[in-house]
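K.L.:
The structure follows.
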Amino acid sequence: MGLDVLVIGAGNAGLCAAITAVEAGCSVLVIDAAQKDMRGGNTRHTRNLRAMHDAPTDVLTDAYSFEEYFDDLMRVTKGLTNRELARLTLEKSAELTAWLGERGVRFQPALSGTLNLGRTNAFFLGGGRALLNSLCHHAEDLGVAFRYEAEVTELKMDDGFCHGVVLTDGEVLSAKRVIITAGGFEANLEWLAEGWGDAARNFLVRGTPHNRGAVLKSLLDQGARKVGELDQCHAVAIDARAPLTDGGIASRIDGVPFGLVINRNAERFYDEGEDFWPKRYAIWGRLVAGQPDQVAYAILDAEGVSRFMPSVFTPISADTIEDLADKLGLDAAATRRTVDAFNAACPDGPIDQSILDGQSTSGLTPEKTNWAARIETPPFTGYPLRPGITFTYMGVEVNDRAEILMEDGRPSRNLYAAGEVMAGNVLGQGYLAGIGMTIGGVFGRIAGAEAALRLNRPNNSTVTTKARA
Amino acid sequence: MNDINLINLAESDADREVARIMQICNACRYCEGFCAVFPAMERRRLFTTGDTAYLSNLCHNCGACYHACQYAPPHEFAVNAPVALALRRAESYEQFAWPRPMARVFQANAMVVSLITTVVLIVILGVMLALINPALFWGVHLGEGAFYRIMPHTIMAGIPMAISGFVIIAFIQGWRRYWRATGARWGGWNAFTDAVSATMSLRYLGGDNNGKGGGCPGETDRLSNRRRHYHHLTFYGFMLCFASTSTGTIYHYLLGREAPYGYFELPVVLGTVGGIILCLGTAGLWREKRRMDPVVKAFSTLGMDYVFIGLLFWVSATGLLLLAVRETGLMGLTLAIHLGVVYAFFLVLPYSKFVHGLYRFAALLQSAEETGPSR
């Protein structure tokens, strides 16, 4: 058994682990289920990470204190987090952008970019795939070996010790330490259906088709301790015309707050103007999943359409509501009634999308509580919506050394986890933009360093720095 | 993927493909930090023929966005912005060419430019051999006015001057057509200064919006500034050669001194230094183009690129050769070849890759105007 460290998954977490281990002197092999052009799991669809900082940096503005970050995390997870690991993640996030930068990752300068996240989030120049390219080159230069189209079916385990990693063609790989960064199982709709029922079969997968959870399942079957629940996932409403997998960022629809959303029966079902879209988009996947056939339609007029970022698919337009309903496959009369009732309930006066303007309908169920403006200026526009699943929360439990914990609470003797497969330890529910990449980076580095340390190859100075008090 | 570009404003396949890709890119925007193309795209929601001409002339075909793209093949969106923009850019040269019938030269550019060069070379050589007394042509000439003993100055300078007049009109017309088609607006002197600075520094071939991104991809997705540096050599080498000609003209008309000038006089120093670095720059650009990752190459446009790089190389190389042999019996022949290449170069200027400078500068002006005074 010559190989020191085997990393399953060439995403952000896996590459951070591989680089840390090879820098410490380990021999490292990284395998990825995808072909080279599609490598790196969902990292290829990401674009930023969330990092704590006490003063402005070259890639982040102002300051984002530990306390504020921690409060944000507590708020979105409603306390469903392992506080010790959460603290560790946030503390170590402070050095992540510099660490990545030294390894070739380029960031957009602070104060630039589409989204208003320049204070809390550092944006990769060119997005996640550019980050992957940089890290892969760096890893290759240091001697890390890569194998693509190497999909794992199961782990051969014995009392928490992994002595073999089985690939689809039957080949068995082995290494002294195995770092699991194989992602979640959101592309495995059958597995999701066990928690969601048949509704899951109408989900679109926003990311890689390779996150089918084979490694996670194998771990759980062989006594790894579970974190998170099967029916927990991050799902948003995306354009129903998006591809079944890998639609990524471009398939999102940001127009919900500026129109109304109806289901297949042309009925409204939720307050479209409850809060700013960045705070609400993640509940709409679940909302649409609860509708008949898991489909809904956003209806806007010419005024509403101009208020949000264009989406990848050309909107479906018509000069009358009836024609639009026809094009969308909805009942024209029912759609007309819903729009008329909505328009009649709208207040007068312009809306202001920069604030919660309180322009609310009155007398509707449900009301639209902000930005309620009549749908009256043709052409009218419709977007078909489906739930698009981003990632799953269920994973394996780890400790502060990224060691996978077994059901009896003891750590595995040679298995580590980082990234989405263990993100549920920190992010038990809800979502905070960019924290997935932060968890992956932090725990990837910890896993790589710990694996090296246990192999008595500790000559790594950059990772084992003491966490902030 | 028909859904992506149902709003069809396009006038050609190249145009349609750029509009399709830009609609995808505009819903993603991860590449906005790379260059001027993506911020310009973000200021638009629909992409007209004028818009695609503008965006394509902002693009350097470096490939950074391709390698970073989550929607690049084998993804079903099949986004390849560098190739789509390169095809549209080549088409835009045709679209703006003046006079109209000459647009066709861009369709088989490598062939036509090579043919014109060969014909001009043969004609010049033939005429000189036929009209000039062999003793004069093959003789050794020294001192002031040596060149003009073979060909009178009025003819030698008159030919390019006549061509220049035509070339300038063609450039002005091309510029006006670009300006009208894209709806560009004059953004004031600040925008002008910014566009000049972006041009002189090749800011957007530097890897990010500030020109400090460590370079662009070349052979692979690894970054390098080589192409930028070779282009600098080519551009500034060309400018030095231009300065050499200009100072030569001043010497001739204002100082009343006839070429050839001494090795350490301004026109010769400028020309020698400029010629050498122009040779190095064009050789480097040729090599970079050869080595460029094939996935971001628009193969149908490469002929135009190579033939122009080649022509520039031979303009400077034959100039240097002339300098080397000007005191020998080969001066006449070398002069004929050099003049042939230079005249051909002038003649094809408005129908060669040279126009990329014109339209890219116009696009940079437009981009600076749109960006406003914030930069």
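Chain lettering (A, B, ...) mirrors the order of the structure tokens, residue numbering begins at 1 for each chain separately, and ligand numbering begins at 1 in order of display.
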Residues of chain A within 8 Å of chain B, counting only C-alpha atoms, what are they? List them as a list of chain:residue names.
P.N.:
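Matching residues, ligands excluded from the count: A:Asp37, A:Met38, A:Arg44, A:His45, A:Arg47, A:Arg106, A:Gln108, A:Gly113, A:Thr114, A:Leu125, A:Gly126, A:Gly127, A:Gly128, A:Arg129, A:Ala130, A:Asn133, A:Ser134, A:His137, A:Asp246, A:Gly248, A:Ile249, A:Ala250, A:Ser251, A:Met309, A:Pro310, A:Ser311, A:Val312, A:Phe313, A:Thr314.
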K.L.:
If we count only C-alpha atoms, what is near A:Gly259 at a cut-off of 7 Å, once residues fewer than 6 positions away on the same chain are taken out, given as a short mmCIF file (atom, residue, chain, number, x, y, z; two decimals) with C-alpha atoms, in the first residue's frame?
P.N.:
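What landed in out_7.cif:
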```cif
data_model
loop_
_atom_site.label_atom_id
_atom_site.label_comp_id
_atom_site.auth_asym_id
_atom_site.auth_seq_id
_atom_site.Cartn_x
_atom_site.Cartn_y
_atom_site.Cartn_z
CA ALA A 298 -44.34 33.62 -12.52
CA ILE A 299 -46.48 36.21 -14.33
CA LEU A 300 -45.18 39.71 -14.92
CA GLY A 304 -42.06 44.04 -13.80
#
```
K.L.:
Please list as a list in words every residue within 7 Å of stretch 83-97 of chain B, counting only C-alpha atoms and excluding residues in the same chain fewer than 3 positions away.
P.N.:
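The contact residues come out as Ala14, Asp15, Glu17, Val18, Ala53, Ser56, Asn57, Cys59, Asn61, Asn80, Arg100, Met102, Ala103, Arg104, Phe106, Gly174, Arg177, Tyr178, Val296, Lys297, Ala298 and Thr301 of chain B.
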K.L.:
Just the residues within 8 Å of B:Val315, please, counting only C-alpha atoms, with nothing from its chain fewer than 2 positions along; format it as a ChimeraX atom specification.
P.N.:
/B:311-313,317-319,338,341-342,345
K.L.:
Quick one: residues within 10 Å of A:Ala224, only C-alpha atoms counted, chain neighbours fewer than 4 positions away excluded, as a list in words?
P.N.:
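After dropping sequence-adjacent residues, the list is Gly160, Leu216, Lys217, Ser218, Leu219, Leu220, Gly395, Val396, Glu397, Val398, Ile404, Leu405, Met406, Glu407, Asp408, Gly409, Arg410, Pro411 and Ser412 of chain A.
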K.L.:
DSSP says strand (DSSP E) for which residues of stretch 128-369 of chain B? Put them as a list of chain:residue names?
P.N.:
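In stretch 128-369 of chain B, DSSP puts these residues in strand (DSSP E): B:Cys216, B:Pro217, B:Leu223, B:Ser224.
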K.L.:
Now that the selection is made, can you save its residues with N, CA, C and O atoms as a PDB file, in the first residue's frame?
P.N.:
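Saved file again-v5.pdb follows:
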```pdb
ATOM      1  N   CYS B 216      -3.219  35.946 -19.527  1.00  0.00           N
ATOM      2  CA  CYS B 216      -4.353  35.220 -20.077  1.00  0.00           C
ATOM      3  C   CYS B 216      -3.892  33.819 -20.468  1.00  0.00           C
ATOM      4  O   CYS B 216      -2.708  33.563 -20.587  1.00  0.00           O
ATOM      5  N   PRO B 217      -4.849  32.912 -20.696  1.00  0.00           N
ATOM      6  CA  PRO B 217      -4.459  31.573 -21.121  1.00  0.00           C
ATOM      7  C   PRO B 217      -3.830  31.604 -22.516  1.00  0.00           C
ATOM      8  O   PRO B 217      -4.097  32.511 -23.295  1.00  0.00           O
ATOM      9  N   LEU B 223      -1.900  30.654 -17.173  1.00  0.00           N
ATOM     10  CA  LEU B 223      -1.797  32.066 -17.540  1.00  0.00           C
ATOM     11  C   LEU B 223      -0.412  32.425 -18.029  1.00  0.00           C
ATOM     12  O   LEU B 223       0.584  31.885 -17.580  1.00  0.00           O
ATOM     13  N   SER B 224      -0.396  33.368 -18.955  1.00  0.00           N
ATOM     14  CA  SER B 224       0.876  33.860 -19.451  1.00  0.00           C
ATOM     15  C   SER B 224       0.667  35.252 -20.021  1.00  0.00           C
ATOM     16  O   SER B 224      -0.404  35.577 -20.525  1.00  0.00           O
TER      17      SER B 224
END
```
K.L.:
Find the residues around A:Ile351 up to 9 Å (only C-alpha atoms counted), leave out those fewer than 3 positions away in its own chain, and share them as number ranges by chain.
P.N.:
A: 357-359, 370-373
K.L.:
For the residues in that selection, give me N, CA and C atoms as a JSON list (two decimals), in the first residue's frame.
P.N.:
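Below is the file again-v8.json, written as the result:
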```json
[["chain", "number", "residue", "atom", "x", "y", "z"],
["A", 357, "ASP", "N", -41.32, 48.18, 0.65],
["A", 357, "ASP", "CA", -42.08, 49.42, 0.49],
["A", 357, "ASP", "C", -43.50, 49.34, 1.07],
["A", 358, "GLY", "N", -43.89, 48.18, 1.55],
["A", 358, "GLY", "CA", -45.20, 48.08, 2.20],
["A", 358, "GLY", "C", -46.38, 48.26, 1.26],
["A", 359, "GLN", "N", -46.11, 48.31, -0.05],
["A", 359, "GLN", "CA", -47.21, 48.41, -1.01],
["A", 359, "GLN", "C", -47.88, 47.03, -1.08],
["A", 370, "ASN", "N", -45.43, 43.33, -0.22],
["A", 370, "ASN", "CA", -44.58, 44.42, -0.71],
["A", 370, "ASN", "C", -44.60, 44.40, -2.23],
["A", 371, "TRP", "N", -44.28, 45.54, -2.79],
["A", 371, "TRP", "CA", -44.08, 45.67, -4.24],
["A", 371, "TRP", "C", -45.30, 45.19, -5.05],
["A", 372, "ALA", "N", -46.49, 45.34, -4.49],
["A", 372, "ALA", "CA", -47.68, 44.92, -5.22],
["A", 372, "ALA", "C", -48.04, 46.00, -6.25],
["A", 373, "ALA", "N", -47.89, 45.66, -7.51],
["A", 373, "ALA", "CA", -48.24, 46.59, -8.58],
["A", 373, "ALA", "C", -49.08, 45.83, -9.60]]
```
K.L.:
Using only C-alpha atoms, find the one residue out of A:Glu450, A:Asp323, A:Glu367, A:Asp275 that sits nearest to A:Pro379.
P.N.:
A:Asp323
K.L.:
What's the 8 Å shell around B:Leu202, counting only C-alpha atoms, without same-chain residues fewer than 6 positions away, as a list in words?
P.N.:
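Here the qualifying residues turn out to be Gly211, Arg228 and His232 of chain B.
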K.L.:
Between B:Ala40, B:Ile309, B:Val127, B:Ala135, which residue has the minimum interatomic distance to B:Val113, considering only C-alpha atoms?
P.N.:
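Nearest to B:Val113: B:Ile309.
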K.L.:
Between atom CA of A:Val215 and atom CA of A:Gly9, measure the distance and give it in Å to one decimal.
P.N.:
10.4 Å
